[in-house]
file upload14.cif (mmCIF, C-alpha atoms)
data_query
loop_
_atom_site.label_atom_id
_atom_site.label_comp_id
_atom_site.auth_asym_id
_atom_site.auth_seq_id
_atom_site.Cartn_x
_atom_site.Cartn_y
_atom_site.Cartn_z
CA MET A 1 45.74 83.98 -53.24
CA ASN A 2 47.69 81.86 -50.77
CA GLU A 3 47.87 78.15 -51.33
CA ILE A 4 45.53 76.27 -48.96
CA ARG A 5 46.83 73.13 -47.32
CA LEU A 6 44.04 70.52 -47.19
CA ILE A 7 44.21 67.87 -44.44
CA GLU A 8 41.80 64.95 -44.48
CA VAL A 9 41.21 64.59 -40.74
CA LYS A 10 38.99 61.53 -40.90
CA GLU A 11 41.45 59.59 -43.06
CA ASP A 12 44.28 60.52 -40.71
CA ILE A 13 42.31 59.51 -37.61
CA LEU A 14 41.31 56.22 -39.22
CA ALA A 15 44.93 55.58 -40.29
CA ASP A 16 46.15 56.22 -36.71
CA ASN A 17 43.46 53.87 -35.39
CA ASP A 18 44.34 51.20 -37.98
CA ALA A 19 47.99 51.29 -36.92
CA ALA A 20 47.03 51.00 -33.23
CA ALA A 21 44.67 48.11 -34.11
CA ASP A 22 47.45 46.21 -35.89
CA GLY A 23 49.64 46.71 -32.80
CA LEU A 24 46.94 45.41 -30.45
CA ARG A 25 46.18 42.42 -32.72
CA GLU A 26 49.86 41.45 -32.72
CA LYS A 27 50.08 41.82 -28.93
CA LEU A 28 47.02 39.59 -28.41
CA LYS A 29 48.51 37.01 -30.79
CA GLN A 30 51.69 36.91 -28.70
CA LYS A 31 49.56 36.31 -25.60
CA ASN A 32 47.68 33.56 -27.46
CA THR A 33 44.37 35.39 -26.92
CA PHE A 34 41.70 35.45 -29.62
CA MET A 35 39.42 38.49 -29.76
CA ILE A 36 36.14 38.80 -31.60
CA ASN A 37 34.43 42.07 -32.50
CA LEU A 38 30.69 41.44 -32.75
CA MET A 39 28.70 44.02 -34.68
CA ALA A 40 25.03 44.34 -35.64
CA SER A 41 22.02 46.66 -35.65
CA PRO A 42 20.23 47.18 -32.35
CA GLY A 43 18.01 44.19 -31.66
CA ALA A 44 19.65 41.81 -34.14
CA GLY A 45 20.56 39.47 -31.26
CA LYS A 46 24.15 40.26 -30.23
CA THR A 47 23.68 39.51 -26.55
CA SER A 48 21.50 36.44 -27.25
CA LEU A 49 24.19 35.10 -29.58
CA LEU A 50 26.86 35.69 -26.93
CA LEU A 51 24.79 33.82 -24.35
CA ARG A 52 24.33 30.84 -26.72
CA THR A 53 28.02 30.87 -27.71
CA ILE A 54 29.23 31.13 -24.11
CA ASP A 55 27.03 28.18 -23.22
CA ALA A 56 28.54 26.13 -26.05
CA LEU A 57 32.17 27.00 -25.30
CA LYS A 58 32.55 27.77 -21.61
CA ASN A 59 33.65 24.26 -20.64
CA ASP A 60 36.43 24.22 -23.24
CA LEU A 61 37.71 27.81 -23.35
CA LYS A 62 38.43 30.60 -20.87
CA LEU A 63 36.16 33.46 -21.91
CA ALA A 64 35.44 37.12 -21.13
CA VAL A 65 33.08 39.69 -22.63
CA ILE A 66 33.53 43.43 -23.13
CA GLU A 67 30.13 45.04 -23.63
CA ALA A 68 29.74 48.48 -25.17
CA ASP A 69 26.59 50.44 -24.69
CA ILE A 70 25.69 54.08 -25.06
CA ASP A 71 24.06 54.23 -21.65
CA SER A 72 23.02 51.01 -19.93
CA MET A 73 24.39 47.91 -18.22
CA VAL A 74 21.58 45.51 -19.15
CA ASP A 75 23.67 43.39 -21.52
CA ALA A 76 26.63 43.12 -19.14
CA GLU A 77 24.31 41.96 -16.38
CA LYS A 78 22.97 39.14 -18.58
CA ILE A 79 26.54 38.02 -19.37
CA ALA A 80 27.68 38.24 -15.75
CA ALA A 81 24.77 35.98 -14.76
CA THR A 82 26.46 33.16 -16.75
CA GLY A 83 29.52 33.41 -14.48
CA ILE A 84 31.71 34.83 -17.28
CA LYS A 85 33.85 37.88 -16.60
CA SER A 86 32.04 40.91 -18.01
CA VAL A 87 33.19 44.48 -18.51
CA GLN A 88 30.77 47.28 -19.42
CA LEU A 89 32.06 50.20 -21.49
CA ARG A 90 29.57 53.05 -21.25
CA THR A 91 30.28 55.11 -24.37
CA GLY A 92 28.16 58.10 -23.31
CA GLY A 93 26.91 58.79 -26.81
CA PHE A 94 29.80 57.54 -28.93
CA CYS A 95 28.45 55.44 -31.77
CA HIS A 96 31.35 53.00 -32.17
CA LEU A 97 34.40 51.60 -30.40
CA ASP A 98 37.95 52.42 -31.41
CA VAL A 99 41.21 50.81 -30.28
CA SER A 100 41.78 53.22 -27.39
CA MET A 101 38.35 52.35 -25.94
CA VAL A 102 38.87 48.59 -26.39
CA LYS A 103 42.23 48.88 -24.60
CA LYS A 104 40.46 50.43 -21.61
CA GLY A 105 38.20 47.37 -21.53
CA LEU A 106 41.14 44.98 -21.84
CA GLU A 107 42.84 46.62 -18.85
CA ALA A 108 39.98 45.27 -16.72
CA VAL A 109 40.50 41.61 -17.74
CA ASP A 110 43.53 39.34 -17.50
CA THR A 111 44.14 38.83 -21.22
CA GLU A 112 46.95 36.29 -20.68
CA ALA A 113 44.63 33.98 -18.75
CA LEU A 114 41.96 34.06 -21.47
CA ASP A 115 41.53 32.07 -24.69
CA LEU A 116 38.75 34.16 -26.19
CA ILE A 117 37.44 37.68 -25.59
CA PHE A 118 34.19 38.87 -27.15
CA ILE A 119 33.62 42.57 -27.76
CA GLU A 120 29.96 43.47 -28.21
CA ASN A 121 30.21 46.69 -30.23
CA VAL A 122 27.63 49.51 -30.17
CA GLY A 123 24.44 48.57 -32.08
CA ASN A 124 25.05 50.27 -35.44
CA LEU A 125 25.89 49.05 -38.97
CA VAL A 126 27.74 52.21 -40.02
CA CYS A 127 30.41 53.66 -37.72
CA PRO A 128 31.70 50.41 -36.14
CA ALA A 129 32.56 49.21 -39.66
CA GLU A 130 35.00 52.09 -40.06
CA PHE A 131 36.94 51.63 -36.83
CA ASP A 132 39.19 48.58 -36.53
CA THR A 133 39.12 47.45 -32.88
CA GLY A 134 42.23 45.27 -33.04
CA ALA A 135 40.10 42.11 -32.93
CA THR A 136 41.39 38.86 -34.45
CA LYS A 137 38.10 38.46 -36.35
CA ASP A 138 35.16 40.74 -37.13
CA ILE A 139 31.78 39.06 -36.90
CA MET A 140 28.40 40.52 -37.80
CA ILE A 141 24.83 39.48 -37.25
CA LEU A 142 22.02 40.19 -39.67
CA SER A 143 18.59 39.13 -38.43
CA VAL A 144 15.89 37.96 -40.83
CA PRO A 145 13.39 40.72 -39.93
CA GLU A 146 15.93 43.37 -41.05
CA GLY A 147 15.60 42.18 -44.65
CA ASP A 148 17.81 40.70 -47.38
CA ASP A 149 18.65 44.13 -48.87
CA LYS A 150 21.03 45.20 -46.09
CA PRO A 151 24.26 44.36 -48.01
CA LEU A 152 23.17 46.98 -50.57
CA LYS A 153 22.73 49.61 -47.86
CA TYR A 154 25.71 48.85 -45.59
CA PRO A 155 28.34 47.43 -47.95
CA LEU A 156 31.36 48.34 -45.79
CA MET A 157 30.14 46.27 -42.83
CA PHE A 158 29.49 43.22 -45.02
CA SER A 159 32.84 43.71 -46.80
CA LYS A 160 35.01 43.79 -43.71
CA CYS A 161 33.55 40.94 -41.64
CA HIS A 162 35.05 37.45 -41.59
CA VAL A 163 31.78 35.84 -40.53
CA LEU A 164 28.10 36.68 -41.09
CA LEU A 165 25.59 35.12 -38.72
CA VAL A 166 22.06 35.24 -40.13
CA ASN A 167 19.99 35.16 -36.96
CA LYS A 168 16.26 34.64 -36.28
CA ILE A 169 15.89 32.00 -39.02
CA ASP A 170 12.83 30.86 -37.07
CA TYR A 171 11.11 33.89 -38.67
CA LEU A 172 11.85 32.71 -42.23
CA SER A 173 8.49 31.02 -42.75
CA LEU A 174 6.68 34.28 -41.90
CA SER A 175 8.88 36.47 -44.07
CA ASP A 176 9.69 37.20 -47.72
CA PHE A 177 13.40 37.19 -46.81
CA ASN A 178 15.28 35.58 -49.72
CA MET A 179 18.27 33.70 -48.27
CA GLU A 180 19.75 32.86 -51.69
CA LEU A 181 19.56 36.47 -52.79
CA LEU A 182 21.13 37.60 -49.51
CA GLU A 183 24.02 35.16 -49.90
CA GLU A 184 24.56 36.26 -53.49
CA ARG A 185 24.65 39.95 -52.44
CA VAL A 186 27.03 39.24 -49.55
CA LYS A 187 29.42 37.04 -51.56
CA LYS A 188 29.60 39.69 -54.27
CA LEU A 189 30.97 42.13 -51.67
CA ASN A 190 33.04 39.57 -49.79
CA PRO A 191 33.68 36.19 -51.50
CA ASP A 192 35.64 34.78 -48.52
CA ILE A 193 33.04 35.45 -45.81
CA GLU A 194 31.76 32.48 -43.75
CA ILE A 195 27.97 32.43 -43.37
CA PHE A 196 26.13 30.62 -40.58
CA LYS A 197 22.34 30.52 -40.26
CA VAL A 198 21.21 30.45 -36.66
CA SER A 199 18.31 30.97 -34.32
CA CYS A 200 19.31 32.12 -30.87
CA LYS A 201 15.72 31.42 -29.82
CA THR A 202 15.62 27.71 -30.79
CA GLY A 203 19.39 27.07 -30.76
CA GLU A 204 19.33 25.89 -34.39
CA GLY A 205 22.70 26.34 -36.12
CA ILE A 206 24.59 27.34 -32.96
CA ASP A 207 26.67 24.14 -32.90
CA ALA A 208 28.06 24.76 -36.39
CA TRP A 209 29.00 28.36 -35.52
CA ALA A 210 30.44 27.50 -32.11
CA GLY A 211 32.41 24.62 -33.65
CA TRP A 212 33.89 26.90 -36.28
CA LEU A 213 34.82 29.45 -33.60
CA LYS A 214 36.39 26.88 -31.27
CA ASN A 215 38.45 25.55 -34.13
CA ALA A 216 39.59 29.08 -35.08
CA VAL A 217 40.59 29.80 -31.46
CA ILE A 218 42.51 26.53 -31.09
CA LYS A 219 44.34 27.01 -34.40
CA LYS A 220 45.21 30.63 -33.62
CA MET B 221 26.66 36.59 -10.39
CA ASN B 222 30.08 37.95 -11.32
CA GLU B 223 30.92 41.53 -10.48
CA ILE B 224 30.73 43.76 -13.56
CA ARG B 225 33.46 46.30 -14.05
CA LEU B 226 31.94 49.54 -15.44
CA ILE B 227 34.19 51.82 -17.50
CA GLU B 228 32.96 55.26 -18.51
CA VAL B 229 34.53 55.45 -21.97
CA LYS B 230 33.45 58.98 -22.77
CA GLU B 231 34.85 60.37 -19.52
CA ASP B 232 38.12 58.54 -20.11
CA ILE B 233 38.38 59.77 -23.69
CA LEU B 234 37.61 63.34 -22.59
CA ALA B 235 40.16 63.08 -19.77
CA ASP B 236 42.84 61.88 -22.22
CA ASN B 237 41.93 64.75 -24.56
CA ASP B 238 42.01 67.28 -21.69
CA ALA B 239 45.52 66.15 -20.72
CA ALA B 240 46.71 66.42 -24.33
CA ALA B 241 45.09 69.89 -24.57
CA ASP B 242 46.94 71.11 -21.48
CA GLY B 243 50.19 69.85 -23.01
CA LEU B 244 49.54 71.64 -26.30
CA ARG B 245 48.53 74.87 -24.53
CA GLU B 246 51.78 74.85 -22.57
CA LYS B 247 53.84 74.15 -25.71
CA LEU B 248 52.19 77.08 -27.55
CA LYS B 249 52.84 79.33 -24.56
CA GLN B 250 56.54 78.45 -24.68
CA LYS B 251 56.57 79.36 -28.39
CA ASN B 252 54.79 82.63 -27.56
CA THR B 253 51.90 81.72 -29.86
CA PHE B 254 48.30 82.55 -28.94
CA MET B 255 45.59 80.23 -30.24
CA ILE B 256 41.87 80.92 -30.41
CA ASN B 257 39.18 78.27 -30.77
CA LEU B 258 36.17 79.90 -32.46
CA MET B 259 32.87 78.06 -32.05
CA ALA B 260 29.29 78.80 -33.16
CA SER B 261 26.25 77.37 -34.90
CA PRO B 262 26.36 77.11 -38.68
CA GLY B 263 25.70 80.52 -40.19
CA ALA B 264 26.38 82.57 -37.04
CA GLY B 265 29.21 84.36 -38.82
CA LYS B 266 32.46 82.57 -37.90
CA THR B 267 34.18 83.16 -41.23
CA SER B 268 32.86 86.74 -41.51
CA LEU B 269 34.18 87.48 -38.04
CA LEU B 270 37.56 86.03 -38.94
CA LEU B 271 37.72 88.18 -42.08
CA ARG B 272 36.89 91.34 -40.07
CA THR B 273 39.36 90.41 -37.32
CA ILE B 274 42.15 89.58 -39.77
CA ASP B 275 41.59 92.94 -41.45
CA ALA B 276 41.89 94.72 -38.09
CA LEU B 277 45.01 92.86 -36.91
CA LYS B 278 47.03 91.76 -39.92
CA ASN B 279 49.35 94.78 -39.92
CA ASP B 280 50.27 94.27 -36.26
CA LEU B 281 50.33 90.49 -35.78
CA LYS B 282 51.46 87.44 -37.72
CA LEU B 283 48.32 85.35 -38.24
CA ALA B 284 47.18 81.98 -39.54
CA VAL B 285 43.81 80.22 -39.70
CA ILE B 286 42.95 76.54 -39.34
CA GLU B 287 39.50 75.91 -40.79
CA ALA B 288 37.49 72.83 -39.96
CA ASP B 289 34.67 71.73 -42.16
CA ILE B 290 32.81 68.49 -42.59
CA ASP B 291 33.18 68.54 -46.35
CA SER B 292 34.08 71.79 -48.12
CA MET B 293 36.88 74.28 -48.62
CA VAL B 294 34.76 77.41 -49.11
CA ASP B 295 35.78 79.06 -45.83
CA ALA B 296 39.49 78.36 -46.29
CA GLU B 297 39.33 79.91 -49.75
CA LYS B 298 37.84 83.13 -48.35
CA ILE B 299 40.62 83.33 -45.75
CA ALA B 300 43.38 82.54 -48.25
CA ALA B 301 42.11 85.43 -50.41
CA THR B 302 43.19 87.84 -47.62
CA GLY B 303 46.79 86.64 -47.98
CA ILE B 304 46.75 84.88 -44.59
CA LYS B 305 48.05 81.32 -44.29
CA SER B 306 45.04 79.00 -44.26
CA VAL B 307 44.79 75.28 -43.52
CA GLN B 308 41.63 73.30 -44.21
CA LEU B 309 40.84 70.30 -42.01
CA ARG B 310 38.20 68.19 -43.73
CA THR B 311 36.61 66.24 -40.89
CA GLY B 312 34.66 63.83 -43.11
CA GLY B 313 31.63 63.76 -40.83
CA PHE B 314 33.21 64.34 -37.43
CA CYS B 315 31.19 66.94 -35.54
CA HIS B 316 33.98 68.54 -33.51
CA LEU B 317 37.76 68.97 -33.33
CA ASP B 318 39.91 67.30 -30.68
CA VAL B 319 43.56 67.92 -29.85
CA SER B 320 44.89 65.24 -32.19
CA MET B 321 43.08 66.89 -35.13
CA VAL B 322 44.25 70.39 -34.18
CA LYS B 323 47.84 69.11 -33.99
CA LYS B 324 47.55 67.87 -37.58
CA GLY B 325 46.54 71.39 -38.58
CA LEU B 326 49.40 72.96 -36.61
CA GLU B 327 51.91 70.72 -38.41
CA ALA B 328 51.02 72.62 -41.58
CA VAL B 329 51.87 76.07 -40.16
CA ASP B 330 55.06 77.47 -38.64
CA THR B 331 53.78 78.06 -35.10
CA GLU B 332 57.00 79.72 -33.92
CA ALA B 333 56.72 82.42 -36.58
CA LEU B 334 53.11 83.23 -35.65
CA ASP B 335 51.60 85.50 -32.98
CA LEU B 336 48.02 84.32 -33.31
CA ILE B 337 46.34 81.22 -34.76
CA PHE B 338 42.58 81.05 -35.21
CA ILE B 339 40.83 77.68 -35.27
CA GLU B 340 37.40 77.81 -36.85
CA ASN B 341 35.71 74.78 -35.27
CA VAL B 342 32.90 72.75 -36.88
CA GLY B 343 29.55 74.62 -36.84
CA ASN B 344 27.88 73.07 -33.79
CA LEU B 345 27.04 74.29 -30.27
CA VAL B 346 27.17 70.83 -28.65
CA CYS B 347 30.16 68.56 -29.33
CA PRO B 348 32.88 71.23 -29.75
CA ALA B 349 32.07 72.41 -26.20
CA GLU B 350 33.09 69.02 -24.82
CA PHE B 351 36.47 68.73 -26.53
CA ASP B 352 39.26 71.06 -25.40
CA THR B 353 41.39 71.89 -28.45
CA GLY B 354 44.40 73.18 -26.52
CA ALA B 355 43.54 76.79 -27.48
CA THR B 356 44.64 79.68 -25.27
CA LYS B 357 41.09 81.07 -25.32
CA ASP B 358 37.71 79.70 -26.35
CA ILE B 359 35.50 82.18 -28.17
CA MET B 360 31.92 81.74 -29.28
CA ILE B 361 29.56 83.66 -31.52
CA LEU B 362 25.83 83.89 -30.98
CA SER B 363 23.96 85.70 -33.73
CA VAL B 364 20.84 87.73 -33.01
CA PRO B 365 18.54 85.66 -35.30
CA GLU B 366 19.34 82.53 -33.22
CA GLY B 367 17.51 84.01 -30.23
CA ASP B 368 18.27 85.05 -26.65
CA ASP B 369 17.28 81.62 -25.22
CA LYS B 370 20.39 79.77 -26.44
CA PRO B 371 22.22 79.87 -23.04
CA LEU B 372 19.32 77.83 -21.65
CA LYS B 373 19.69 75.22 -24.37
CA TYR B 374 23.49 75.00 -24.70
CA PRO B 375 24.79 75.84 -21.22
CA LEU B 376 28.13 74.01 -21.55
CA MET B 377 29.21 76.11 -24.54
CA PHE B 378 28.35 79.38 -22.78
CA SER B 379 30.02 78.16 -19.56
CA LYS B 380 33.38 77.29 -21.07
CA CYS B 381 33.99 80.28 -23.37
CA HIS B 382 36.15 83.24 -22.37
CA VAL B 383 34.46 85.57 -24.83
CA LEU B 384 30.97 85.78 -26.33
CA LEU B 385 30.55 87.76 -29.52
CA VAL B 386 26.92 88.68 -30.17
CA ASN B 387 26.91 89.07 -33.95
CA LYS B 388 24.36 90.51 -36.42
CA ILE B 389 23.33 93.33 -34.07
CA ASP B 390 22.17 95.11 -37.24
CA TYR B 391 19.13 92.76 -37.00
CA LEU B 392 18.19 93.96 -33.49
CA SER B 393 15.65 96.51 -34.67
CA LEU B 394 13.77 93.79 -36.59
CA SER B 395 13.86 91.25 -33.77
CA ASP B 396 12.40 90.59 -30.32
CA PHE B 397 15.89 89.55 -29.15
CA ASN B 398 16.34 90.83 -25.58
CA MET B 399 20.01 91.73 -25.09
CA GLU B 400 19.65 92.40 -21.35
CA LEU B 401 17.98 89.04 -20.80
CA LEU B 402 20.67 87.32 -22.87
CA GLU B 403 23.46 88.92 -20.83
CA GLU B 404 21.74 87.97 -17.59
CA ARG B 405 21.40 84.34 -18.72
CA VAL B 406 25.01 84.18 -19.90
CA LYS B 407 26.49 85.82 -16.78
CA LYS B 408 24.54 83.42 -14.58
CA LEU B 409 26.37 80.52 -16.27
CA ASN B 410 29.70 82.31 -16.60
CA PRO B 411 30.22 85.51 -14.55
CA ASP B 412 33.73 86.14 -15.97
CA ILE B 413 32.85 85.99 -19.67
CA GLU B 414 33.64 89.03 -21.84
CA ILE B 415 30.77 90.05 -24.12
CA PHE B 416 31.20 92.07 -27.32
CA LYS B 417 28.32 93.15 -29.56
CA VAL B 418 29.29 93.25 -33.20
CA SER B 419 28.01 93.36 -36.73
CA CYS B 420 30.31 91.74 -39.24
CA LYS B 421 28.13 93.27 -41.95
CA THR B 422 28.52 96.94 -40.89
CA GLY B 423 31.77 96.56 -38.90
CA GLU B 424 30.14 97.97 -35.75
CA GLY B 425 31.86 96.80 -32.57
CA ILE B 426 34.77 95.09 -34.36
CA ASP B 427 37.33 97.63 -33.08
CA ALA B 428 36.49 96.91 -29.43
CA TRP B 429 36.76 93.14 -29.95
CA ALA B 430 39.93 93.34 -32.06
CA GLY B 431 41.48 95.71 -29.50
CA TRP B 432 40.72 93.29 -26.67
CA LEU B 433 42.20 90.41 -28.66
CA LYS B 434 45.36 92.30 -29.65
CA ASN B 435 45.91 93.24 -26.02
CA ALA B 436 45.44 89.63 -24.90
CA VAL B 437 47.92 88.41 -27.51
CA ILE B 438 50.54 91.02 -26.60
CA LYS B 439 50.19 90.32 -22.86
CA LYS B 440 50.34 86.55 -23.37
#
call {"tool": "encode", "arguments": {"input": "upload14.cif", "output": "structure tokens"}}
result
Amino acid sequence: MNEIRLIEVKEDILADNDAAADGLREKLKQKNTFMINLMASPGAGKTSLLLRTIDALKNDLKLAVIEADIDSMVDAEKIAATGIKSVQLRTGGFCHLDVSMVKKGLEAVDTEALDLIFIENVGNLVCPAEFDTGATKDIMILSVPEGDDKPLKYPLMFSKCHVLLVNKIDYLSLSDFNMELLEERVKKLNPDIEIFKVSCKTGEGIDAWAGWLKNAVIKK
Amino acid sequence: MNEIRLIEVKEDILADNDAAADGLREKLKQKNTFMINLMASPGAGKTSLLLRTIDALKNDLKLAVIEADIDSMVDAEKIAATGIKSVQLRTGGFCHLDVSMVKKGLEAVDTEALDLIFIENVGNLVCPAEFDTGATKDIMILSVPEGDDKPLKYPLMFSKCHVLLVNKIDYLSLSDFNMELLEERVKKLNPDIEIFKVSCKTGEGIDAWAGWLKNAVIKK
């Protein structure tokens, strides 16, 4: 029997994407532009968090948002209403963004004139975790109603993010969500992660998060 | 409100892939190598058809097979047992092949020394239809037990293929499959398609298909 050559396509594709992401990250650094990749399940509050964060930072930093959505422009319209430059990537069924898609979004904004670009990734805790977008920092939201067991189910996402925003803390009193247990589970996967507890509804905790982000952008 | 720039990611990604596919097709033509992209549902008989076709052509043409599978090497092992060079692409969950993946497979074979390369795509009638692999010809199999209504459900696949192989015709007597109705539905989508009726189990119809293919490869 002939020898069979085995090629791991997914590993190769991810390695190619990782190399492209490192290249993009370096290029953005040279332009002094900070880019955030925001990931979460559908409905966890990505767009609400962006709106709160834009409101907190728009007087101090030049911002833009790249929205990804399988097939709608609702989120981009909400962002554009704030007066911030907004680009909508319609993925047409793709479940994540990769570097080549992010680059298409960046072509539509003037990266050199911007301090901070937000990417709102497709709502999904699985595939976006695998594809590096070239962002300076990866940020995820977990909302209280999703439950404190999510780090056990989606370990890669929790492992790769620099910041976890626990959103909808206004639901805590109605829920059996165990914040201590969540933090323990997250820190076990990722001891260096920063955790902020926020409510995009009431605004609680937004200042601490926005302050951290502003500081990270200025120090970049 | 700011103007929102809308970018159709999927169309852009497909356009990039189409351009790469045209480049690969031209390169293979210059090397005098014919490449077939074989697509079908899981279980329609892709590997069985390859084994029958290899048997019919291996004395006349220099052949190789690139197998794609989400997570196994079973098909590649069957091909390797015939003495034909076999490469296994393990897609790790990806539901189709694109040009960049096919190129990784081609790196493992000596394209210049080959007359004909078969790609066995991932078992799926949807996504593989969207991604041009750079093959000289796209071939699909529909097996009788799948039913004569499939052109209504997967029109893109039937529209883009150069050849339809209707496999498992040995089941016709047990089935209400209407061959005339199938051909009518297929020709309505794709008037130029070649249709061959085969049974990989009994070998019926294989000579006509293999003869057509050999002729196409020689005339390339």
call {"tool": "resolve_selection", "arguments": {"input": "upload14.cif", "expression": "the PyMOL selection byres ((chain A) within 9 of (chain B))", "output": "ChimeraX atom specification"}}
result
/A:1-13,73,76-77,79-94,100-101,104-105,108
call {"tool": "resolve_selection", "arguments": {"input": "upload14.cif", "expression": "the PyMOL selection byres ((chain B and resi 259) around 12)", "output": "count of residues only"}}
result
50
call {"tool": "resolve_selection", "arguments": {"input": "upload14.cif", "expression": "the PyMOL selection byres ((chain B and resi 395) around 12)", "output": "PDB file with C-alpha atoms, keeping the file's coordinate frame"}}
result
ATOM      1  CA  SER B 363      23.960  85.700 -33.730  1.00  0.00           C
ATOM      2  CA  VAL B 364      20.840  87.730 -33.010  1.00  0.00           C
ATOM      3  CA  PRO B 365      18.540  85.660 -35.300  1.00  0.00           C
ATOM      4  CA  GLU B 366      19.340  82.530 -33.220  1.00  0.00           C
ATOM      5  CA  GLY B 367      17.510  84.010 -30.230  1.00  0.00           C
ATOM      6  CA  ASP B 368      18.270  85.050 -26.650  1.00  0.00           C
ATOM      7  CA  LYS B 388      24.360  90.510 -36.420  1.00  0.00           C
ATOM      8  CA  ILE B 389      23.330  93.330 -34.070  1.00  0.00           C
ATOM      9  CA  ASP B 390      22.170  95.110 -37.240  1.00  0.00           C
ATOM     10  CA  TYR B 391      19.130  92.760 -37.000  1.00  0.00           C
ATOM     11  CA  LEU B 392      18.190  93.960 -33.490  1.00  0.00           C
ATOM     12  CA  SER B 393      15.650  96.510 -34.670  1.00  0.00           C
ATOM     13  CA  LEU B 394      13.770  93.790 -36.590  1.00  0.00           C
ATOM     14  CA  ASP B 396      12.400  90.590 -30.320  1.00  0.00           C
ATOM     15  CA  PHE B 397      15.890  89.550 -29.150  1.00  0.00           C
ATOM     16  CA  ASN B 398      16.340  90.830 -25.580  1.00  0.00           C
ATOM     17  CA  MET B 399      20.010  91.730 -25.090  1.00  0.00           C
TER      18      MET B 399
END
call {"tool": "atom_distance", "arguments": {"input": "upload14.cif", "atom1": "CA of Leu181 in chain A", "atom2": "CA of Asp149 in chain A"}}
result
8.7 Å
call {"tool": "residues_around", "arguments": {"input": "upload14.cif", "residues": "Ile337 in chain B", "least_positions_apart": "3", "cutoff": "7 Å", "atoms": "all atoms listed in the file", "output": "PyMOL selection string"}}
result
chain B and resi 254-256+283-285
call {"tool": "write_last_selection", "arguments": {"input": "upload14.cif", "atoms": "C-alpha atoms", "output": "CSV table (one decimal), keeping the file's coordinate frame"}}
result
chain,number,residue,atom,x,y,z
B,254,PHE,CA,48.3,82.6,-28.9
B,255,MET,CA,45.6,80.2,-30.2
B,256,ILE,CA,41.9,80.9,-30.4
B,283,LEU,CA,48.3,85.4,-38.2
B,284,ALA,CA,47.2,82.0,-39.5
B,285,VAL,CA,43.8,80.2,-39.7
call {"tool": "closest_atom_pairs", "arguments": {"input": "upload14.cif", "of": "range 95-171 of chain A", "to": "range 25-33 of chain A", "cutoff": "6 Å", "atoms": "only C-alpha atoms", "output": "tab-separated table"}}
result
residue	atom	partner	partner_atom	distance
A:Glu112	CA	A:Lys31	CA	5.6
A:Asp115	CA	A:Thr33	CA	4.9
A:Leu116	CA	A:Thr33	CA	5.8
A:Gly134	CA	A:Arg25	CA	4.9
call {"tool": "atom_distance", "arguments": {"input": "upload14.cif", "atom1": "CA of Glu424 in chain B", "atom2": "CA of Asp275 in chain B"}}
result
13.7 Å
call {"tool": "decode", "arguments": {"input": "upload14.cif", "residues": "range 175-209 of chain A", "atoms": "C-alpha atoms", "output": "mmCIF file, in the first residue's frame"}}
result
data_model
loop_
_atom_site.group_PDB
_atom_site.id
_atom_site.type_symbol
_atom_site.label_atom_id
_atom_site.label_comp_id
_atom_site.auth_asym_id
_atom_site.auth_seq_id
_atom_site.Cartn_x
_atom_site.Cartn_y
_atom_site.Cartn_z
ATOM 1 C CA SER A 175 -30.357 34.876 39.526
ATOM 2 C CA ASP A 176 -28.373 32.017 41.090
ATOM 3 C CA PHE A 177 -25.303 33.209 39.162
ATOM 4 C CA ASN A 178 -22.271 32.723 41.433
ATOM 5 C CA MET A 179 -19.785 35.515 40.678
ATOM 6 C CA GLU A 180 -17.041 34.063 42.905
ATOM 7 C CA LEU A 181 -17.336 30.676 41.251
ATOM 8 C CA LEU A 182 -17.261 32.303 37.811
ATOM 9 C CA GLU A 183 -14.111 34.257 38.647
ATOM 10 C CA GLU A 184 -12.461 31.133 40.016
ATOM 11 C CA ARG A 185 -13.290 29.181 36.829
ATOM 12 C CA VAL A 186 -12.073 31.997 34.580
ATOM 13 C CA LYS A 187 -8.816 32.623 36.486
ATOM 14 C CA LYS A 188 -8.036 28.910 36.374
ATOM 15 C CA LEU A 189 -8.086 29.098 32.565
ATOM 16 C CA ASN A 190 -6.507 32.539 32.324
ATOM 17 C CA PRO A 191 -4.799 33.935 35.465
ATOM 18 C CA ASP A 192 -3.898 37.267 33.785
ATOM 19 C CA ILE A 193 -7.383 38.193 32.542
ATOM 20 C CA GLU A 194 -8.885 41.529 33.674
ATOM 21 C CA ILE A 195 -12.493 41.230 34.849
ATOM 22 C CA PHE A 196 -14.958 44.132 34.947
ATOM 23 C CA LYS A 197 -18.538 43.829 36.188
ATOM 24 C CA VAL A 198 -20.891 46.125 34.325
ATOM 25 C CA SER A 199 -24.494 46.863 33.532
ATOM 26 C CA CYS A 200 -25.012 48.504 30.177
ATOM 27 C CA LYS A 201 -28.597 49.164 31.275
ATOM 28 C CA THR A 202 -27.790 51.183 34.428
ATOM 29 C CA GLY A 203 -24.249 52.252 33.468
ATOM 30 C CA GLU A 204 -22.794 50.658 36.624
ATOM 31 C CA GLY A 205 -19.128 49.698 36.205
ATOM 32 C CA ILE A 206 -18.703 51.387 32.809
ATOM 33 C CA ASP A 207 -16.348 54.067 34.173
ATOM 34 C CA ALA A 208 -13.880 51.493 35.496
ATOM 35 C CA TRP A 209 -13.859 49.611 32.164
#
